[in-house]
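Trainee: Contents of target.cif (mmCIF, C-alpha atoms and all ligand atoms):
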```cif
data_model
#
loop_
_atom_site.label_atom_id
_atom_site.label_comp_id
_atom_site.auth_asym_id
_atom_site.auth_seq_id
_atom_site.Cartn_x
_atom_site.Cartn_y
_atom_site.Cartn_z
CA MET B 14 37.93 40.13 19.54
CA ALA B 15 40.16 38.53 16.91
CA PRO B 16 43.75 37.85 18.01
CA ARG B 17 46.30 40.14 16.30
CA GLY B 18 48.38 38.63 13.52
CA ILE B 19 46.05 35.75 12.62
CA PRO B 20 44.39 36.32 9.23
CA GLU B 21 40.75 35.29 9.66
CA PRO B 22 38.68 33.29 9.31
CA VAL B 23 40.70 30.20 10.19
CA LEU B 24 39.57 27.02 8.43
CA ILE B 25 40.51 23.76 10.20
CA ARG B 26 40.52 20.73 7.91
CA GLY B 27 40.35 17.59 10.07
CA THR B 28 38.36 17.84 13.30
CA GLY B 29 39.78 15.00 15.37
CA LEU B 30 41.68 15.43 18.63
CA LEU B 31 44.13 18.03 17.33
CA GLY B 32 41.92 20.00 14.92
CA THR B 33 39.13 20.33 17.48
CA SER B 34 41.58 21.28 20.25
CA ILE B 35 42.99 24.03 18.02
CA GLY B 36 39.46 25.20 17.19
CA LEU B 37 38.48 25.32 20.87
CA GLY B 38 41.64 27.23 21.80
CA LEU B 39 41.28 29.74 18.95
CA ARG B 40 37.58 30.25 19.65
CA SER B 41 38.25 31.05 23.28
CA ALA B 42 40.88 33.57 22.12
CA GLY B 43 38.14 35.22 20.03
CA ALA B 44 39.11 33.94 16.56
CA ASP B 45 36.57 33.19 13.85
CA THR B 46 36.96 29.47 13.01
CA TYR B 47 35.40 27.13 10.45
CA LEU B 48 35.57 23.35 10.54
CA SER B 49 35.63 20.72 7.83
CA ASP B 50 36.04 16.95 8.04
CA PRO B 51 35.14 14.18 5.59
CA SER B 52 33.55 12.38 8.55
CA PRO B 53 30.21 14.19 9.09
CA SER B 54 30.02 12.99 12.69
CA ALA B 55 33.56 14.17 13.58
CA GLN B 56 32.65 17.57 12.11
CA ALA B 57 29.26 17.73 13.85
CA VAL B 58 30.75 16.83 17.26
CA ALA B 59 33.48 19.48 16.85
CA VAL B 60 30.81 22.09 15.98
CA ASP B 61 28.62 21.00 18.90
CA ILE B 62 31.40 21.33 21.45
CA GLY B 63 32.15 24.86 20.26
CA ALA B 64 35.31 24.56 18.13
CA GLY B 65 33.81 26.62 15.27
CA GLN B 66 31.15 26.73 12.55
CA ALA B 67 30.69 24.07 9.88
CA PHE B 68 32.42 25.13 6.67
CA PRO B 69 29.78 25.21 3.91
CA GLY B 70 30.04 22.23 1.54
CA ASP B 71 29.01 24.58 -1.26
CA LEU B 72 32.29 26.42 -1.79
CA THR B 73 30.63 29.28 -3.67
CA ALA B 74 28.79 30.15 -0.45
CA ALA B 75 31.89 29.63 1.71
CA PRO B 76 33.96 32.42 3.25
CA SER B 77 37.51 32.78 2.00
CA PRO B 78 39.86 31.66 4.81
CA GLY B 79 42.89 33.70 5.84
CA VAL B 80 44.57 30.62 7.29
CA VAL B 81 43.94 26.92 6.67
CA VAL B 82 45.11 24.55 9.41
CA VAL B 83 45.43 21.01 8.06
CA ALA B 84 44.88 18.63 10.99
CA ALA B 85 44.33 15.47 8.95
CA PRO B 86 46.20 12.16 9.42
CA PRO B 87 49.85 12.20 8.21
CA ASP B 88 49.18 9.99 5.15
CA VAL B 89 46.75 12.46 3.60
CA ALA B 90 47.99 15.75 5.10
CA GLY B 91 50.27 16.51 2.10
CA GLN B 92 47.39 16.16 -0.38
CA VAL B 93 45.09 18.29 1.80
CA VAL B 94 47.83 20.96 2.02
CA ILE B 95 48.26 20.99 -1.79
CA ASP B 96 44.49 21.08 -2.33
CA SER B 97 44.17 23.99 0.13
CA LEU B 98 46.96 25.99 -1.56
CA VAL B 99 45.15 25.64 -4.90
CA ARG B 100 41.62 26.05 -3.61
CA PHE B 101 42.14 29.05 -1.34
CA PRO B 102 44.30 31.63 -3.13
CA GLY B 103 45.82 34.04 -0.65
CA ALA B 104 45.39 31.81 2.42
CA VAL B 105 48.34 30.77 4.57
CA VAL B 106 48.29 26.97 4.80
CA LEU B 107 49.89 25.13 7.69
CA ASP B 108 49.77 21.53 8.78
CA ILE B 109 50.37 20.02 12.19
CA ALA B 110 51.28 16.44 11.29
CA SER B 111 53.78 14.59 13.47
CA VAL B 112 56.36 14.06 10.68
CA LYS B 113 57.45 17.02 8.56
CA GLY B 114 59.93 15.91 5.86
CA ALA B 115 57.47 13.77 3.86
CA ILE B 116 54.87 16.56 3.54
CA ARG B 117 57.54 19.12 2.62
CA ARG B 118 58.73 16.76 -0.14
CA GLU B 119 55.15 16.30 -1.43
CA VAL B 120 54.69 20.07 -1.67
CA ASP B 121 58.08 20.49 -3.40
CA ALA B 122 57.23 17.66 -5.82
CA ALA B 123 53.91 19.37 -6.64
CA VAL B 124 55.90 22.46 -7.70
CA VAL B 125 58.25 20.36 -9.86
CA GLY B 126 55.25 18.51 -11.35
CA GLY B 127 53.40 21.77 -12.11
CA THR B 128 50.43 21.23 -9.74
CA LEU B 129 51.57 24.20 -7.65
CA THR B 130 53.38 27.41 -8.58
CA PRO B 131 56.33 28.46 -6.39
CA ALA B 132 54.22 31.39 -5.15
CA GLN B 133 51.47 29.03 -4.01
CA ALA B 134 53.98 26.74 -2.28
CA ALA B 135 55.48 29.75 -0.45
CA ARG B 136 52.19 30.12 1.45
CA TYR B 137 52.75 26.70 3.09
CA VAL B 138 54.54 26.19 6.38
CA GLY B 139 54.90 22.87 8.19
CA THR B 140 54.40 22.91 11.96
CA HIS B 141 54.06 20.41 14.80
CA PRO B 142 52.64 21.04 18.27
CA MET B 143 54.41 18.76 20.75
CA ALA B 144 51.25 18.07 22.69
CA GLY B 145 48.66 15.41 22.32
CA ARG B 146 46.83 12.62 24.02
CA GLU B 147 46.65 8.87 23.74
CA ARG B 148 43.06 9.25 22.54
CA SER B 149 41.69 10.31 19.16
CA GLY B 150 38.64 12.14 17.91
CA PRO B 151 36.93 15.44 18.77
CA VAL B 152 35.44 14.15 22.02
CA ALA B 153 38.94 13.95 23.53
CA ALA B 154 39.78 17.55 22.48
CA ARG B 155 40.94 20.18 24.99
CA GLY B 156 41.31 23.90 24.25
CA ALA B 157 44.21 24.10 26.73
CA LEU B 158 46.09 21.15 25.19
CA PHE B 159 48.93 23.35 23.93
CA THR B 160 49.55 25.43 27.04
CA ALA B 161 53.32 25.61 27.70
CA ALA B 162 54.02 22.98 25.02
CA PRO B 163 56.72 23.38 22.37
CA TRP B 164 55.35 24.05 18.85
CA VAL B 165 57.82 23.47 16.03
CA VAL B 166 57.67 25.70 12.94
CA CYS B 167 59.62 24.39 9.92
CA ALA B 168 59.99 27.27 7.45
CA LYS B 169 62.30 27.16 4.40
CA GLY B 170 64.17 30.05 2.76
CA ASP B 171 61.32 30.60 0.29
CA THR B 172 58.46 30.35 2.82
CA SER B 173 56.57 33.65 2.89
CA PRO B 174 57.07 35.76 6.06
CA GLU B 175 53.24 36.02 6.31
CA ALA B 176 52.96 32.23 6.54
CA VAL B 177 55.62 32.03 9.26
CA SER B 178 54.12 34.87 11.24
CA ALA B 179 50.55 33.48 11.06
CA ALA B 180 51.72 29.99 12.13
CA GLU B 181 53.78 31.38 15.02
CA GLU B 182 50.94 33.61 16.15
CA ILE B 183 48.51 30.67 16.25
CA ALA B 184 51.01 28.72 18.36
CA ARG B 185 51.44 31.65 20.76
CA VAL B 186 47.72 32.40 21.04
CA LEU B 187 47.23 28.75 22.03
CA GLY B 188 49.82 29.20 24.79
CA ALA B 189 52.64 27.23 23.13
CA THR B 190 56.33 28.14 22.76
CA VAL B 191 57.65 28.40 19.21
CA HIS B 192 60.77 26.46 18.16
CA ARG B 193 62.10 27.11 14.63
CA MET B 194 63.78 24.13 12.99
CA SER B 195 64.29 22.53 9.58
CA ALA B 196 61.99 19.62 8.68
CA GLU B 197 65.02 17.29 8.70
CA ASP B 198 66.15 18.35 12.18
CA HIS B 199 62.56 18.07 13.40
CA ASP B 200 62.16 14.52 12.12
CA ALA B 201 65.49 13.41 13.61
CA SER B 202 64.53 14.97 16.96
CA VAL B 203 61.04 13.47 17.20
CA ALA B 204 62.35 10.03 16.24
CA LEU B 205 64.06 10.03 19.63
CA ILE B 206 61.88 12.19 21.88
CA SER B 207 58.44 11.08 20.63
CA HIS B 208 58.57 8.01 18.41
CA LEU B 209 60.96 5.90 20.50
CA PRO B 210 58.85 6.45 23.67
CA GLN B 211 55.75 5.27 21.78
CA ILE B 212 57.58 2.14 20.59
CA ALA B 213 58.94 1.46 24.08
CA ALA B 214 55.48 1.86 25.69
CA SER B 215 53.92 -0.42 23.09
CA LEU B 216 56.64 -3.06 23.50
CA VAL B 217 56.36 -3.07 27.28
CA SER B 218 52.55 -3.18 27.19
CA SER B 219 52.41 -5.93 24.60
CA ARG B 220 54.13 -8.17 27.19
CA LEU B 221 50.99 -7.77 29.34
CA GLN B 222 48.58 -9.43 26.93
CA GLU B 223 48.72 -12.85 28.55
CA THR B 224 49.55 -11.71 32.09
CA PRO B 225 47.25 -13.20 34.77
CA ALA B 226 44.86 -10.72 36.40
CA GLN B 227 46.42 -11.37 39.83
CA SER B 228 49.77 -10.08 38.56
CA LEU B 229 48.20 -7.03 36.89
CA ALA B 230 46.39 -6.21 40.16
CA LEU B 231 49.82 -5.36 41.62
CA SER B 232 50.43 -2.64 39.01
CA GLY B 233 51.87 0.53 40.46
CA ASN B 234 53.07 3.83 39.07
CA GLY B 235 56.15 2.32 37.45
CA LEU B 236 54.00 0.49 34.94
CA ARG B 237 51.50 3.31 34.51
CA ASP B 238 54.24 5.93 34.00
CA THR B 239 55.93 3.90 31.29
CA THR B 240 52.82 2.77 29.39
CA ARG B 241 50.22 5.59 29.19
CA ILE B 242 50.84 6.19 25.49
CA ALA B 243 50.53 2.48 24.69
CA ALA B 244 46.78 3.28 24.46
CA SER B 245 47.45 5.46 21.36
CA ASP B 246 45.67 4.94 18.04
CA PRO B 247 47.37 2.26 15.86
CA GLN B 248 45.98 3.90 12.69
CA LEU B 249 47.77 7.15 13.49
CA TRP B 250 51.01 5.57 14.68
CA VAL B 251 51.46 3.27 11.73
CA GLN B 252 51.50 6.42 9.59
CA ILE B 253 53.90 8.29 11.86
CA LEU B 254 56.39 5.43 12.24
CA ALA B 255 56.34 4.56 8.53
CA ALA B 256 56.89 8.20 7.54
CA ASN B 257 59.90 8.55 9.83
CA ALA B 258 61.38 5.05 9.48
CA PRO B 259 64.97 6.01 8.50
CA ASP B 260 65.49 8.28 11.53
CA ILE B 261 63.81 5.83 13.91
CA LEU B 262 65.89 2.92 12.61
CA GLN B 263 69.16 4.63 13.56
CA ILE B 264 67.91 4.90 17.14
CA LEU B 265 66.59 1.35 17.23
CA TYR B 266 70.02 0.00 16.22
CA GLY B 267 71.48 1.70 19.32
CA VAL B 268 68.68 0.34 21.52
CA ARG B 269 69.30 -3.13 20.13
CA GLU B 270 72.98 -2.88 21.08
CA ASP B 271 72.09 -1.86 24.65
CA LEU B 272 69.51 -4.63 24.89
CA ASP B 273 71.98 -7.24 23.61
CA ARG B 274 74.52 -6.01 26.15
CA LEU B 275 71.96 -6.28 28.97
CA ILE B 276 70.83 -9.75 27.90
CA THR B 277 74.42 -10.99 27.88
CA THR B 278 74.97 -9.53 31.34
CA MET B 279 71.73 -10.93 32.76
CA GLU B 280 72.54 -14.41 31.54
CA GLU B 281 75.30 -14.44 34.17
CA PRO B 282 74.29 -11.80 36.70
CA LEU B 283 76.87 -12.89 39.26
CA ALA B 284 79.85 -12.92 36.91
CA PRO B 285 82.64 -10.43 37.70
CA GLY B 286 81.69 -6.99 36.32
CA ALA B 287 78.04 -7.94 35.68
CA ARG B 288 76.59 -5.86 38.48
CA LEU B 289 78.70 -2.87 37.51
CA ASP B 290 77.34 -3.23 34.00
CA ILE B 291 73.75 -3.21 35.26
CA ALA B 292 74.43 -0.20 37.50
CA GLN B 293 76.00 1.54 34.52
CA LEU B 294 72.89 0.99 32.42
CA ILE B 295 70.63 2.49 35.10
CA ALA B 296 73.07 5.38 35.63
CA GLU B 297 73.08 6.10 31.89
CA GLY B 298 69.28 6.28 32.10
CA ASN B 299 69.57 8.67 35.08
CA ALA B 300 71.88 10.92 33.06
CA GLY B 301 69.55 10.99 30.05
CA HIS B 302 66.45 11.55 32.16
CA ALA B 303 68.06 14.46 34.01
CA ARG B 304 68.45 16.28 30.68
CA ILE B 305 64.69 16.44 29.94
CA PRO B 306 63.65 20.09 30.33
CA GLY B 307 60.82 21.08 32.68
CA LYS B 308 57.75 23.24 32.19
CA HIS B 309 58.05 26.16 29.67
CA GLY B 310 61.31 24.68 28.36
CA ALA B 311 63.03 25.69 31.61
CA PRO B 312 65.93 23.57 32.90
CA PRO B 313 64.83 20.32 34.51
CA GLN B 314 63.42 20.89 37.93
CA ALA B 315 62.38 18.26 40.41
CA PHE B 316 58.96 19.16 41.78
CA ALA B 317 57.77 17.90 45.12
CA VAL B 318 54.60 15.81 45.05
CA VAL B 319 51.82 16.15 47.59
CA THR B 320 49.49 13.14 47.38
CA VAL B 321 45.92 13.58 48.60
CA ILE B 322 43.43 10.74 48.99
CA VAL B 323 40.05 11.66 47.52
CA ASP B 324 36.77 9.76 47.30
CA ASP B 325 35.99 8.56 43.79
CA THR B 326 32.92 10.84 43.61
CA PRO B 327 32.08 13.96 41.58
CA GLY B 328 33.38 17.30 42.84
CA GLN B 329 36.27 15.98 44.97
CA ILE B 330 39.08 17.11 42.70
CA SER B 331 37.72 20.62 42.27
CA ALA B 332 37.25 20.86 46.05
CA VAL B 333 40.92 19.94 46.66
CA LEU B 334 42.09 22.38 43.98
CA GLN B 335 39.97 25.13 45.51
CA ASP B 336 41.80 24.58 48.82
CA VAL B 337 45.18 24.50 47.03
CA GLY B 338 44.32 27.87 45.45
CA GLU B 339 43.31 29.28 48.83
CA ALA B 340 46.65 28.12 50.27
CA GLY B 341 48.30 30.31 47.59
CA VAL B 342 50.34 27.45 46.13
CA ASN B 343 50.85 27.10 42.36
CA VAL B 344 50.14 23.69 40.84
CA GLU B 345 53.03 22.73 38.53
CA ASP B 346 51.54 19.41 37.48
CA LEU B 347 48.63 17.20 38.43
CA ARG B 348 47.77 13.55 38.03
CA MET B 349 45.16 11.20 39.32
CA ASP B 350 45.76 7.59 40.18
CA HIS B 351 43.44 4.80 41.23
CA SER B 352 44.32 1.73 43.25
CA ALA B 353 42.81 -1.43 41.86
CA GLY B 354 39.85 -2.55 43.97
CA HIS B 355 39.58 0.67 46.03
CA GLU B 356 36.94 3.36 45.61
CA VAL B 357 39.37 6.16 46.30
CA GLY B 358 41.72 8.06 44.08
CA MET B 359 45.13 9.53 44.76
CA LEU B 360 45.53 13.06 43.50
CA GLU B 361 49.23 13.82 43.00
CA ILE B 362 49.86 17.55 43.08
CA SER B 363 53.33 18.68 41.97
CA VAL B 364 54.53 21.92 43.55
CA LEU B 365 57.82 23.77 44.01
CA PRO B 366 59.81 21.86 46.65
CA GLY B 367 59.79 24.86 49.02
CA ARG B 368 55.96 24.88 49.06
CA LYS B 369 55.40 21.20 49.86
CA GLN B 370 55.18 21.59 53.63
CA ASP B 371 52.92 24.68 53.44
CA LEU B 372 50.53 22.84 51.17
CA THR B 373 50.59 19.67 53.25
CA ASP B 374 49.76 21.71 56.37
CA ALA B 375 47.03 23.72 54.64
CA LEU B 376 45.30 20.68 53.15
CA THR B 377 45.56 18.69 56.38
CA ALA B 378 44.00 21.63 58.24
CA GLN B 379 41.08 21.54 55.76
CA GLY B 380 40.52 17.87 56.62
CA TRP B 381 42.13 16.24 53.58
CA LYS B 382 44.09 13.04 54.03
CA VAL B 383 47.58 13.79 52.74
CA VAL B 384 49.90 10.80 52.33
N1 LIG B 401 47.36 12.72 18.55
C1 LIG B 401 48.39 13.44 18.94
O1 LIG B 401 48.81 13.33 20.07
C2 LIG B 401 49.02 14.40 17.94
C3 LIG B 401 49.88 15.40 18.44
C4 LIG B 401 50.45 16.31 17.53
C5 LIG B 401 50.14 16.22 16.16
N2 LIG B 401 49.32 15.24 15.72
C6 LIG B 401 48.99 15.19 14.30
O2 LIG B 401 47.72 15.78 14.12
C7 LIG B 401 47.04 15.18 13.04
C8 LIG B 401 45.65 14.72 13.51
O3 LIG B 401 45.81 13.79 14.55
P1 LIG B 401 44.63 13.51 15.59
O4 LIG B 401 45.24 12.90 16.78
O5 LIG B 401 43.77 14.72 15.71
O6 LIG B 401 43.83 12.38 14.79
P2 LIG B 401 42.28 12.03 14.86
O7 LIG B 401 42.16 10.65 14.34
O8 LIG B 401 41.71 12.35 16.19
O9 LIG B 401 41.64 13.03 13.78
C9 LIG B 401 41.94 13.03 12.43
C10 LIG B 401 40.74 13.61 11.68
O10 LIG B 401 41.13 13.83 10.32
C11 LIG B 401 40.02 13.51 9.52
N3 LIG B 401 40.45 13.28 8.15
C12 LIG B 401 40.75 12.10 7.53
N4 LIG B 401 41.04 12.35 6.23
C13 LIG B 401 40.93 13.68 6.04
C14 LIG B 401 41.06 14.53 4.91
N5 LIG B 401 41.42 14.05 3.74
N6 LIG B 401 40.84 15.86 5.08
C15 LIG B 401 40.50 16.37 6.26
N7 LIG B 401 40.35 15.61 7.37
C16 LIG B 401 40.55 14.29 7.25
C17 LIG B 401 39.41 12.29 10.19
O11 LIG B 401 38.07 12.10 9.75
C18 LIG B 401 39.54 12.65 11.65
O12 LIG B 401 38.39 13.32 12.11
C19 LIG B 401 47.92 14.03 12.56
O13 LIG B 401 48.61 14.43 11.40
C20 LIG B 401 48.89 13.80 13.70
O14 LIG B 401 50.14 13.33 13.25
C21 LIG B 401 48.72 14.34 16.57
O1 LIG B 402 51.14 12.81 25.28
C1 LIG B 402 50.64 12.19 24.35
O2 LIG B 402 49.72 11.40 24.54
C2 LIG B 402 51.11 12.39 22.98
O3 LIG B 402 50.54 11.82 22.08
C3 LIG B 402 52.17 13.34 22.77
C4 LIG B 402 53.10 13.37 21.55
C5 LIG B 402 54.54 13.27 22.15
O4 LIG B 402 55.26 12.37 21.81
O5 LIG B 402 54.87 14.15 22.94
C6 LIG B 402 52.87 12.30 20.57
C7 LIG B 402 52.87 12.50 19.23
C8 LIG B 402 52.63 13.81 18.64
O6 LIG B 402 53.16 13.97 17.38
C9 LIG B 402 52.96 14.88 19.57
C10 LIG B 402 52.94 14.69 20.91
#
```
Would you put the structure from the file into structure tokens?
Mentor:
Amino acid sequence: MAPRGIPEPVLIRGTGLLGTSIGLGLRSAGADTYLSDPSPSAQAVAVDIGAGQAFPGDLTAAPSPGVVVVAAPPDVAGQVVIDSLVRFPGAVVLDIASVKGAIRREVDAAVVGGTLTPAQAARYVGTHPMAGRERSGPVAARGALFTAAPWVVCAKGDTSPEAVSAAEEIARVLGATVHRMSAEDHDASVALISHLPQIAASLVSSRLQETPAQSLALSGNGLRDTTRIAASDPQLWVQILAANAPDILQILYGVREDLDRLITTMEEPLAPGARLDIAQLIAEGNAGHARIPGKHGAPPQAFAVVTVIVDDTPGQISAVLQDVGEAGVNVEDLRMDHSAGHEVGMLEISVLPGRKQDLTDALTAQGWKVV
């Protein structure tokens, strides 16, 4: 059955990681979805994995969408939004690109230039799900990608209420939490909470290019935790960083100051005050880290981690999770780690601190090796 409040069918333009994930999520909620991508293989894969039906190339035979979701790369998203507003009269058009101000300005400029009427532009609303992966393309898509993630909706005074309500309903149906914000506030926020982390991960990882294999073999969670997103797509990130350069620059100036301060201190680490300076830097990091909210936007909460050793063979993870379910313990987060050179994996199960001992006992009793 179709979810309430989403005008159907939903046409998704761009069937990479995000477009296909949205299609999968909407399909499993019962929505009627169509898919379109200039890459025939990206579109065919998205159709094959069940994200929706191919949108007919012959527009005269095509259904008239109630909502168009533009999930194209940031550079072209504005043009696809404008094209959709003209091509599909009556449809709400939303985009999900990572930077919002540039697309808003393109739509506004199209009104000034006469390509769009104000009424057409009112059907557009910019949005941004704060969930993704370091991989691209439909094969990496997940219908549950947006569960418990923030989803920003950037309406303006003249955005139609129907557009806002359709965008917010899509976010909610996909399990996300809606945050309303102006495009300017959004771009300033993501410069810090999304774009700086990508830059930091890339900078750290680029140091590893010439590192001898024997050093890399020592890699532990510290390196993995700080570098996962260094595997992200350069094509996508060049567009994101270029589109948000002014906001990112302000943050980079501050980082440069801190780095200069640290370099000066490290040049004479035993000088009076140097160690206090280093401690201060780490403590400032502690204070910032403690402010990151937890799941569902709740206040930060430290989960306890139960680490289980599993064989690197099919079925092991589901068998552990089955036993976790039977122990009646909720999984707050989950990650899998591998030690270089060992054919075992470490499954790290985050749970509420009060449940750690119960889970450890229950899994040990089932024969699992808990470390
Ligand atoms: N990757 C993430 O983690 C993430 C998270 C949130 C939002 N976003 C945003 O979502 C959008 C898509 O990112 P992605 O990660 O799915 O990228 P992707 O590379 O996996 O997919 C992009 C798809 O868009 C298609 N495309 C290219 N030009 C197009 C056009 N003119 N019309 C329609 N489709 C076109 C490509 O063929 C490709 O299939 C981007 O705007 C990105 O900023 C990405
Ligand atoms: O977790 C990841 O791999 C992401 O790509 C996530 C992330 C983020 O910074 O949170 C990255 C960029 C997108 O615009 C939105 C989400």
Trainee: Hey, which residues come within 6 Å of ligand LIG 401 (chain B) if we count all atoms listed in the file? Could you give them as a list in words?
Mentor: Arg26, Gly27, Thr28, Gly29, Leu30, Leu31, Gly32, Asp50, Pro51, Ser52, Ala55, Ala84, Ala85, Pro86, Pro87, Val89, Val93, Ile109, Ala110, Ser111, His141, Pro142, Met143, Ala144, Gly145, Arg146, Ser149 and Gly150 of chain B
Trainee: When you draw a straight line from CA of Arg193 in chain B to CA of Glu345 in chain B, how long is it in Å?
Mentor: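 Distance between the two atoms: 25.9 Å.
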Trainee: Given 6 Å on each side, where is the centre and what are the edge lengths in Å to one decimal of the axis-aligned box enclosing the listed atoms of ligand LIG 402 (chain B), as lines of an AutoDock Vina configuration file?
Mentor:
```
center_x = 52.5
center_y = 13.1
center_z = 21.3
size_x = 17.5
size_y = 15.5
size_z = 19.9
```
Trainee: Starting from the point (56.3, 33.0, 18.8), work out which residues of protein, DNA or RNA have an atom no more than 10 Å away when counting only C-alpha atoms; state them as a tab-separated table (two decimals) with C-alpha atoms, keeping the file's coordinate frame.
Mentor:
```
chain	number	residue	atom	x	y	z
B	164	TRP	CA	55.35	24.05	18.85
B	166	VAL	CA	57.67	25.70	12.94
B	177	VAL	CA	55.62	32.03	9.26
B	178	SER	CA	54.12	34.87	11.24
B	179	ALA	CA	50.55	33.48	11.06
B	180	ALA	CA	51.72	29.99	12.13
B	181	GLU	CA	53.78	31.38	15.02
B	182	GLU	CA	50.94	33.61	16.15
B	183	ILE	CA	48.51	30.67	16.25
B	184	ALA	CA	51.01	28.72	18.36
B	185	ARG	CA	51.44	31.65	20.76
B	186	VAL	CA	47.72	32.40	21.04
B	188	GLY	CA	49.82	29.20	24.79
B	189	ALA	CA	52.64	27.23	23.13
B	190	THR	CA	56.33	28.14	22.76
B	191	VAL	CA	57.65	28.40	19.21
B	192	HIS	CA	60.77	26.46	18.16
B	193	ARG	CA	62.10	27.11	14.63
```
Trainee: B:Met194, B:Ala134, B:Ile206, B:Val94: which is nearest ligand LIG 402 (chain B), counting all atoms listed in the file?
Mentor: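 Residue with the minimum atom-to-atom distance to ligand LIG 402 (chain B): B:Ile206.
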Trainee: Would you mind listing what lies within 12 Å of Gly114 in chain B as a PyMOL selection string, with only C-alpha atoms counted and same-chain residues fewer than 5 positions away left out?
Mentor: chain B and resi 87+90-91+108+119-121+138-141+167-169+194-201+203+253+256-260
Trainee: Find the residue from B:Glu147, B:Asp271, B:Glu223, B:Asp238 that sits nearest to ligand LIG 402 (chain B); use all atoms listed in the file when measuring.
Mentor: B:Glu147
Trainee: Counting all atoms listed in the file, which of B:Ser173, B:Thr130, B:Thr160, B:Gln211 gets nearest to ligand LIG 402 (chain B)?
Mentor: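 Of the candidates, the smallest distance to ligand LIG 402 (chain B) is held by B:Gln211.
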Trainee: Excluding same-chain residues fewer than 5 positions from Thr46 in chain B, what lies within 10 Å of it counting all atoms listed in the file, as a ChimeraX atom specification?
Mentor: /B:21-25,35-37,39-40,63-68,78,80-81
Trainee: Give me, as a list of chain:residue names, all polymer residues having an atom no more than 10 Å from Ser215 in chain B, counting only C-alpha atoms and skipping those fewer than 6 positions away in the same chain.
Mentor: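 Counting only C-alpha atoms, the residues come to B:Leu209, B:Thr239, B:Thr240, B:Arg241, B:Ile242, B:Ala243, B:Ala244, B:Ser245.
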